[in-house]
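I have placed the structure first, in the form of structure tokens, so that the comments after it can refer back to it.
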Amino acid sequence: MGSNGKQGNNICLFINPSRIRRWHVWLAQALREAGDKVVIAHPSHMIKGNISSEMFLGLERRIYRLPGEQAFDLIAANELDIRSPSDCREEQPFDILINFTSQGLADVGATRVLTPRFDGISGDLGAYAALLERRNVLIHVEDSTQADHCWIARPASEDKQVVGRGLNNVFSRSAEILLYAIQRQGTASSLVPLSDCGAHKQAPNGLSLALSSASQISRGLAKKIVRRLTRGAEADEHWAIGWRFVEGPGLLDEGEGATATYNIIPDDAKRYFADPFVYQKDGQTYIFCEEYPYDTEKGVISVFTLGDDGNLSEPRRVLERPYHLSYPHLIERDGEIWMIPEAGAGGNVELYRATCFPDKWELEKVLIEGVAGYDATLTEHDGKFWLFMTTSCWQSTSWDNLELYSADSLQGEWTAHSENPILVDGYVSRPGGEMISQEGALLRPAQNGGEMYGGGLAICRVDHLDERNFAQTVVGNIRVTSPKTAYGVHTINRVANIEVIDILGKMSPEEEETSVLYESTA
């Protein structure tokens, strides 16, 4: 993330000792690494934690084998240096106090107070209650120096049946947005009006909601365990690629209510295919994609050849690394054909050059070292190159955090945007295909992973893009309408007369077609 250059803040984490979680410790460590002094203090009147919620999380940990340290882990107070308000009077007033309690701050003085809320509730119970109800959590951070505005995030939920995983993502993103807010004091362009943060909505009683939902979630756990034990008895969900010939306007050009039917590329039930990109060369059409063999559980890049008669070749692997690859974004520049595959598992953003197209590729350069970028997508705008991608932090998903990097040339020096992360929103962040120029507007397909991974596509119009600001507006959505066993889509691309998508579902090998609908939000 970017920084306003200010170092050496005197910061207090104000929290009940019974509610200190591992993510609070991670946040404190990150602040100290940035040069800040951090004190953890507790209120004079302390509230005990909710035993039933911790028992539930412990049960999930065992059932779903959540290994090692988790962001939601409770940390024993005796493992940390926690002070009372009277013990930290020498540091007061603090430059910044982060209030993790639902109590007032009469005992502690601070120049600036940040208050994170989950679904409008102070403390973490709001997050727990929302996830028990299988709802996404809205995070907003109130800032005492910006009374009418707040920072906001809408994280995705990795698995709505596993509350702990949802908490890990919410807490990881909460730490990130707090770091963001600390670094950007007074940056009005990064804030949204308080009325849009959900701060004034009638929040449910988190404790009663959590307790009333526990039996329901327990039944959900039992059902999921049964499904795991009987895996293979019925078709599991998987990805598949759809393609079609297009003469004239494509799906997005046709506008509101447009539908399209795609031919499904069959698989052998030993692998799936996803993330399709099209490239045409010397009169031949190639569909590059992720191939994911179930036996290795590691993606590779493969290619199909598509004839003018609609006949497809057998897939052949063209790029494999020791780590997972997917999303083979293709670029033609300087007389060469390049690929930026997703290589987040390798920890870098990598550029490959075709040495013998389409079958041989060599690593030309690591564009951005030490950044695990997901689904990096390139566009040119106002004389600069821009890379859109998502990243993860701590134990977050890679679906909901949009970051931007820019350079003067493809192999030039790539610079992080000053406002990274540009947004944290599981519905409109992760790229879902090449950028599209349409009637003077720049459109970017974005994966809608708010309710489930690969749930749909949002089509976003880029309204502003430069080194200091970014803004976009959702102008449409794409969703699957058939067959009944298909329910997701997360990539769309078109070159000339070929349009491709991928679909998620429990399709049988006999399925030959799928249909999608474009819905305008204009």
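Each chain in the structure tokens gets a letter, A, B and so on, in the order shown; residues start at 1 in every chain, and ligands are counted from 1 in the order they appear.
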Quick one: residues within 9 Å of Gln284 of chain A, only C-alpha atoms counted, chain neighbours fewer than 3 positions away excluded, as a list in words?
-> Tyr279, Gln280, Lys281, Thr305, Leu306, Gly307 and Asp308 of chain A
C-alpha atoms of the current selection, written as a short mmCIF file (atom, residue, chain, number, x, y, z; two decimals), in the first residue's frame:
```cif
data_model
loop_
_atom_site.label_atom_id
_atom_site.label_comp_id
_atom_site.auth_asym_id
_atom_site.auth_seq_id
_atom_site.Cartn_x
_atom_site.Cartn_y
_atom_site.Cartn_z
CA TYR A 279 -5.86 -15.11 -30.17
CA GLN A 280 -5.88 -15.21 -33.98
CA LYS A 281 -2.73 -15.53 -36.07
CA THR A 305 -7.18 -24.76 -32.00
CA LEU A 306 -10.63 -23.77 -33.30
CA GLY A 307 -11.41 -24.30 -36.97
CA ASP A 308 -13.74 -22.19 -39.10
#
```
Exercise: Ile241 of chain A partners within 9 Å, only C-alpha atoms, chain neighbours under 6 positions left out, as a short mmCIF file (atom, residue, chain, number, x, y, z; two decimals) with C-alpha atoms, in the first residue's frame:
```cif
data_model
loop_
_atom_site.label_atom_id
_atom_site.label_comp_id
_atom_site.auth_asym_id
_atom_site.auth_seq_id
_atom_site.Cartn_x
_atom_site.Cartn_y
_atom_site.Cartn_z
CA TYR A 262 -22.21 -20.89 -26.17
CA ASN A 263 -20.89 -24.28 -27.15
CA ILE A 264 -19.33 -26.10 -24.19
CA ILE A 265 -15.84 -27.56 -24.61
CA PRO A 266 -16.07 -31.08 -23.17
CA TYR A 272 -11.42 -28.77 -15.95
CA PHE A 273 -10.80 -25.82 -18.28
CA ALA A 274 -11.33 -22.15 -17.38
CA ASP A 275 -10.08 -18.57 -17.98
CA PRO A 276 -10.34 -18.59 -21.80
CA CYS A 289 -6.94 -21.36 -21.02
CA VAL A 500 -15.58 -17.07 -25.09
CA ILE A 501 -16.68 -17.39 -21.48
CA ASP A 502 -16.24 -19.89 -18.69
CA ILE A 503 -19.03 -21.32 -16.58
#
```
Do a neighbour search on Leu105 of chain A at 12 Å with only C-alpha atoms, toss out local chain neighbours closer than 6 positions, and write the hits as a count of residues only.
-> 18
Neighbours of segment 378-392 of chain A within 6 Å (only C-alpha atoms; same-chain residues fewer than 2 positions away dropped), as a VMD selection string?
-> chain A and resid 373 to 376 396 to 398 401 to 408 430
Strand (DSSP E or B) residues, from DSSP on the backbone, in segment 267-346 of chain A, as a PyMOL selection string | chain A and resi 271-281+284-293+300-306+312+316-319+326-333+336-342
N, CA and C atoms of the current selection, written as a CSV table (one decimal), in the first residue's frame:
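result.csv written:
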```
chain,number,residue,atom,x,y,z
A,271,ARG,N,-10.1,-33.3,-15.4
A,271,ARG,CA,-9.6,-32.0,-15.4
A,271,ARG,C,-10.7,-31.0,-15.7
A,272,TYR,N,-10.5,-29.8,-15.4
A,272,TYR,CA,-11.4,-28.8,-15.9
A,272,TYR,C,-10.6,-27.7,-16.7
A,273,PHE,N,-11.4,-26.9,-17.5
A,273,PHE,CA,-10.8,-25.8,-18.3
A,273,PHE,C,-11.5,-24.5,-17.9
A,274,ALA,N,-10.7,-23.4,-17.8
A,274,ALA,CA,-11.3,-22.2,-17.4
A,274,ALA,C,-10.4,-21.0,-17.9
A,275,ASP,N,-10.8,-19.8,-17.6
A,275,ASP,CA,-10.1,-18.6,-18.0
A,275,ASP,C,-9.7,-18.5,-19.5
A,276,PRO,N,-10.7,-18.6,-20.4
A,276,PRO,CA,-10.3,-18.6,-21.8
A,276,PRO,C,-9.9,-17.2,-22.4
A,277,PHE,N,-8.9,-17.2,-23.2
A,277,PHE,CA,-8.5,-16.0,-23.9
A,277,PHE,C,-8.3,-16.5,-25.4
A,278,VAL,N,-8.7,-15.6,-26.3
A,278,VAL,CA,-8.7,-15.9,-27.7
A,278,VAL,C,-7.5,-15.1,-28.4
A,279,TYR,N,-6.9,-15.8,-29.4
A,279,TYR,CA,-5.9,-15.1,-30.2
A,279,TYR,C,-5.9,-15.7,-31.6
A,280,GLN,N,-5.9,-14.8,-32.6
A,280,GLN,CA,-5.9,-15.2,-34.0
A,280,GLN,C,-4.6,-14.8,-34.6
A,281,LYS,N,-4.0,-15.8,-35.4
A,281,LYS,CA,-2.7,-15.5,-36.1
A,281,LYS,C,-2.7,-16.4,-37.3
A,284,GLN,N,-5.6,-18.5,-38.2
A,284,GLN,CA,-5.9,-19.6,-37.2
A,284,GLN,C,-6.4,-19.0,-35.9
A,285,THR,N,-7.4,-19.7,-35.3
A,285,THR,CA,-7.9,-19.2,-34.0
A,285,THR,C,-7.4,-20.1,-32.9
A,286,TYR,N,-6.9,-19.5,-31.8
A,286,TYR,CA,-6.4,-20.3,-30.7
A,286,TYR,C,-7.2,-19.9,-29.4
A,287,ILE,N,-7.6,-20.8,-28.6
A,287,ILE,CA,-8.2,-20.5,-27.3
A,287,ILE,C,-7.2,-21.0,-26.3
A,288,PHE,N,-6.6,-20.1,-25.6
A,288,PHE,CA,-5.7,-20.4,-24.5
A,288,PHE,C,-6.6,-20.4,-23.2
A,289,CYS,N,-6.1,-21.2,-22.2
A,289,CYS,CA,-6.9,-21.4,-21.0
A,289,CYS,C,-6.1,-22.0,-19.9
A,290,GLU,N,-6.7,-22.0,-18.7
A,290,GLU,CA,-6.2,-22.8,-17.6
A,290,GLU,C,-6.7,-24.2,-17.7
A,291,GLU,N,-5.8,-25.1,-17.7
A,291,GLU,CA,-6.1,-26.5,-17.5
A,291,GLU,C,-5.8,-27.0,-16.1
A,292,TYR,N,-6.7,-27.5,-15.4
A,292,TYR,CA,-6.5,-27.9,-14.0
A,292,TYR,C,-6.8,-29.4,-13.8
A,293,PRO,N,-5.7,-30.2,-13.9
A,293,PRO,CA,-5.8,-31.7,-13.6
A,293,PRO,C,-6.1,-31.9,-12.2
A,300,VAL,N,-2.1,-25.4,-15.3
A,300,VAL,CA,-1.1,-25.2,-16.3
A,300,VAL,C,-1.9,-24.4,-17.5
A,301,ILE,N,-1.1,-23.9,-18.4
A,301,ILE,CA,-1.7,-23.2,-19.5
A,301,ILE,C,-1.7,-24.1,-20.7
A,302,SER,N,-2.9,-24.2,-21.3
A,302,SER,CA,-3.1,-25.1,-22.5
A,302,SER,C,-3.8,-24.3,-23.6
A,303,VAL,N,-3.8,-24.9,-24.8
A,303,VAL,CA,-4.4,-24.2,-25.9
A,303,VAL,C,-5.2,-25.2,-26.8
A,304,PHE,N,-6.3,-24.7,-27.3
A,304,PHE,CA,-7.1,-25.4,-28.3
A,304,PHE,C,-7.0,-24.6,-29.6
A,305,THR,N,-7.1,-25.4,-30.7
A,305,THR,CA,-7.2,-24.8,-32.0
A,305,THR,C,-8.6,-24.9,-32.5
A,306,LEU,N,-9.2,-23.8,-32.9
A,306,LEU,CA,-10.6,-23.8,-33.3
A,306,LEU,C,-10.7,-23.5,-34.8
A,312,LEU,N,-12.8,-28.4,-32.8
A,312,LEU,CA,-11.8,-28.1,-31.9
A,312,LEU,C,-10.7,-29.2,-31.9
A,316,ARG,N,-3.5,-29.0,-25.8
A,316,ARG,CA,-2.1,-29.3,-25.5
A,316,ARG,C,-1.5,-28.3,-24.6
A,317,ARG,N,-0.7,-28.7,-23.7
A,317,ARG,CA,0.0,-27.9,-22.7
A,317,ARG,C,1.1,-27.1,-23.3
A,318,VAL,N,1.1,-25.8,-23.0
A,318,VAL,CA,2.1,-24.9,-23.6
A,318,VAL,C,3.0,-24.2,-22.5
A,319,LEU,N,2.5,-24.2,-21.3
A,319,LEU,CA,3.3,-23.5,-20.2
A,319,LEU,C,3.0,-24.2,-18.9
A,326,SER,N,-2.7,-19.8,-14.3
A,326,SER,CA,-4.1,-19.6,-14.9
A,326,SER,C,-4.2,-18.3,-15.6
A,327,TYR,N,-5.3,-18.0,-16.1
A,327,TYR,CA,-5.6,-16.6,-16.7
A,327,TYR,C,-4.5,-16.2,-17.7
A,328,PRO,N,-4.4,-16.8,-18.8
A,328,PRO,CA,-3.3,-16.5,-19.8
A,328,PRO,C,-3.6,-15.3,-20.6
A,329,HIS,N,-3.4,-14.1,-20.0
A,329,HIS,CA,-3.7,-12.8,-20.7
A,329,HIS,C,-2.7,-12.6,-21.7
A,330,LEU,N,-3.1,-12.5,-23.0
A,330,LEU,CA,-2.2,-12.4,-24.2
A,330,LEU,C,-2.1,-10.9,-24.6
A,331,ILE,N,-0.9,-10.5,-25.1
A,331,ILE,CA,-0.7,-9.2,-25.5
A,331,ILE,C,0.2,-9.2,-26.7
A,332,GLU,N,0.0,-8.4,-27.7
A,332,GLU,CA,0.9,-8.2,-28.8
A,332,GLU,C,1.5,-6.8,-28.8
A,333,ARG,N,2.8,-6.8,-28.7
A,333,ARG,CA,3.5,-5.5,-28.6
A,333,ARG,C,4.9,-5.7,-29.2
A,336,GLU,N,6.1,-8.8,-31.0
A,336,GLU,CA,6.2,-10.0,-30.2
A,336,GLU,C,4.8,-10.4,-29.6
A,337,ILE,N,4.6,-11.6,-29.3
A,337,ILE,CA,3.4,-12.0,-28.6
A,337,ILE,C,3.8,-12.4,-27.2
A,338,TRP,N,3.1,-11.8,-26.2
A,338,TRP,CA,3.5,-11.9,-24.8
A,338,TRP,C,2.3,-12.5,-24.0
A,339,MET,N,2.6,-13.0,-22.9
A,339,MET,CA,1.6,-13.6,-22.0
A,339,MET,C,1.9,-13.1,-20.6
A,340,ILE,N,0.9,-12.7,-19.9
A,340,ILE,CA,1.0,-12.4,-18.4
A,340,ILE,C,0.0,-13.4,-17.8
A,341,PRO,N,0.4,-14.6,-17.4
A,341,PRO,CA,-0.5,-15.6,-16.8
A,341,PRO,C,-0.6,-15.2,-15.3
A,342,GLU,N,-1.7,-15.7,-14.7
A,342,GLU,CA,-1.7,-15.5,-13.2
A,342,GLU,C,-0.7,-16.5,-12.6
```
Nearest to Ser508 of chain A among A:Glu254, A:Asp359, A:Asp236, A:Asp148, with distances taken over only C-alpha atoms: which residue is it?
->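 Ranking A:Glu254, A:Asp359, A:Asp236, A:Asp148 by distance to Ser508 of chain A, first place goes to A:Asp236.
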Which one of A:Arg353, A:Glu247, A:Gly370, A:Asp73 sits closest to Trp23 of chain A if you count only C-alpha atoms?
->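 Checking each of A:Arg353, A:Glu247, A:Gly370, A:Asp73 against Trp23 of chain A, counting only C-alpha atoms, the winner is A:Asp73.
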So which residues touch segment 173-177 of chain A within 10 Å, counting only C-alpha atoms, skipping near sequence neighbours fewer than 4 positions away, as a ChimeraX atom specification?
-> /A:1,23-28,30,116-118,139-141,151-156,167-169,181-183,392-397,400-401,421,423-424
Between A:Glu369, A:Glu364, A:His324, A:Gln447, single out the one closest to Asn348 of chain A, counting only C-alpha atoms.
->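 Of A:Glu369, A:Glu364, A:His324, A:Gln447, the one nearest Asn348 of chain A is A:Glu369, counting only C-alpha atoms.
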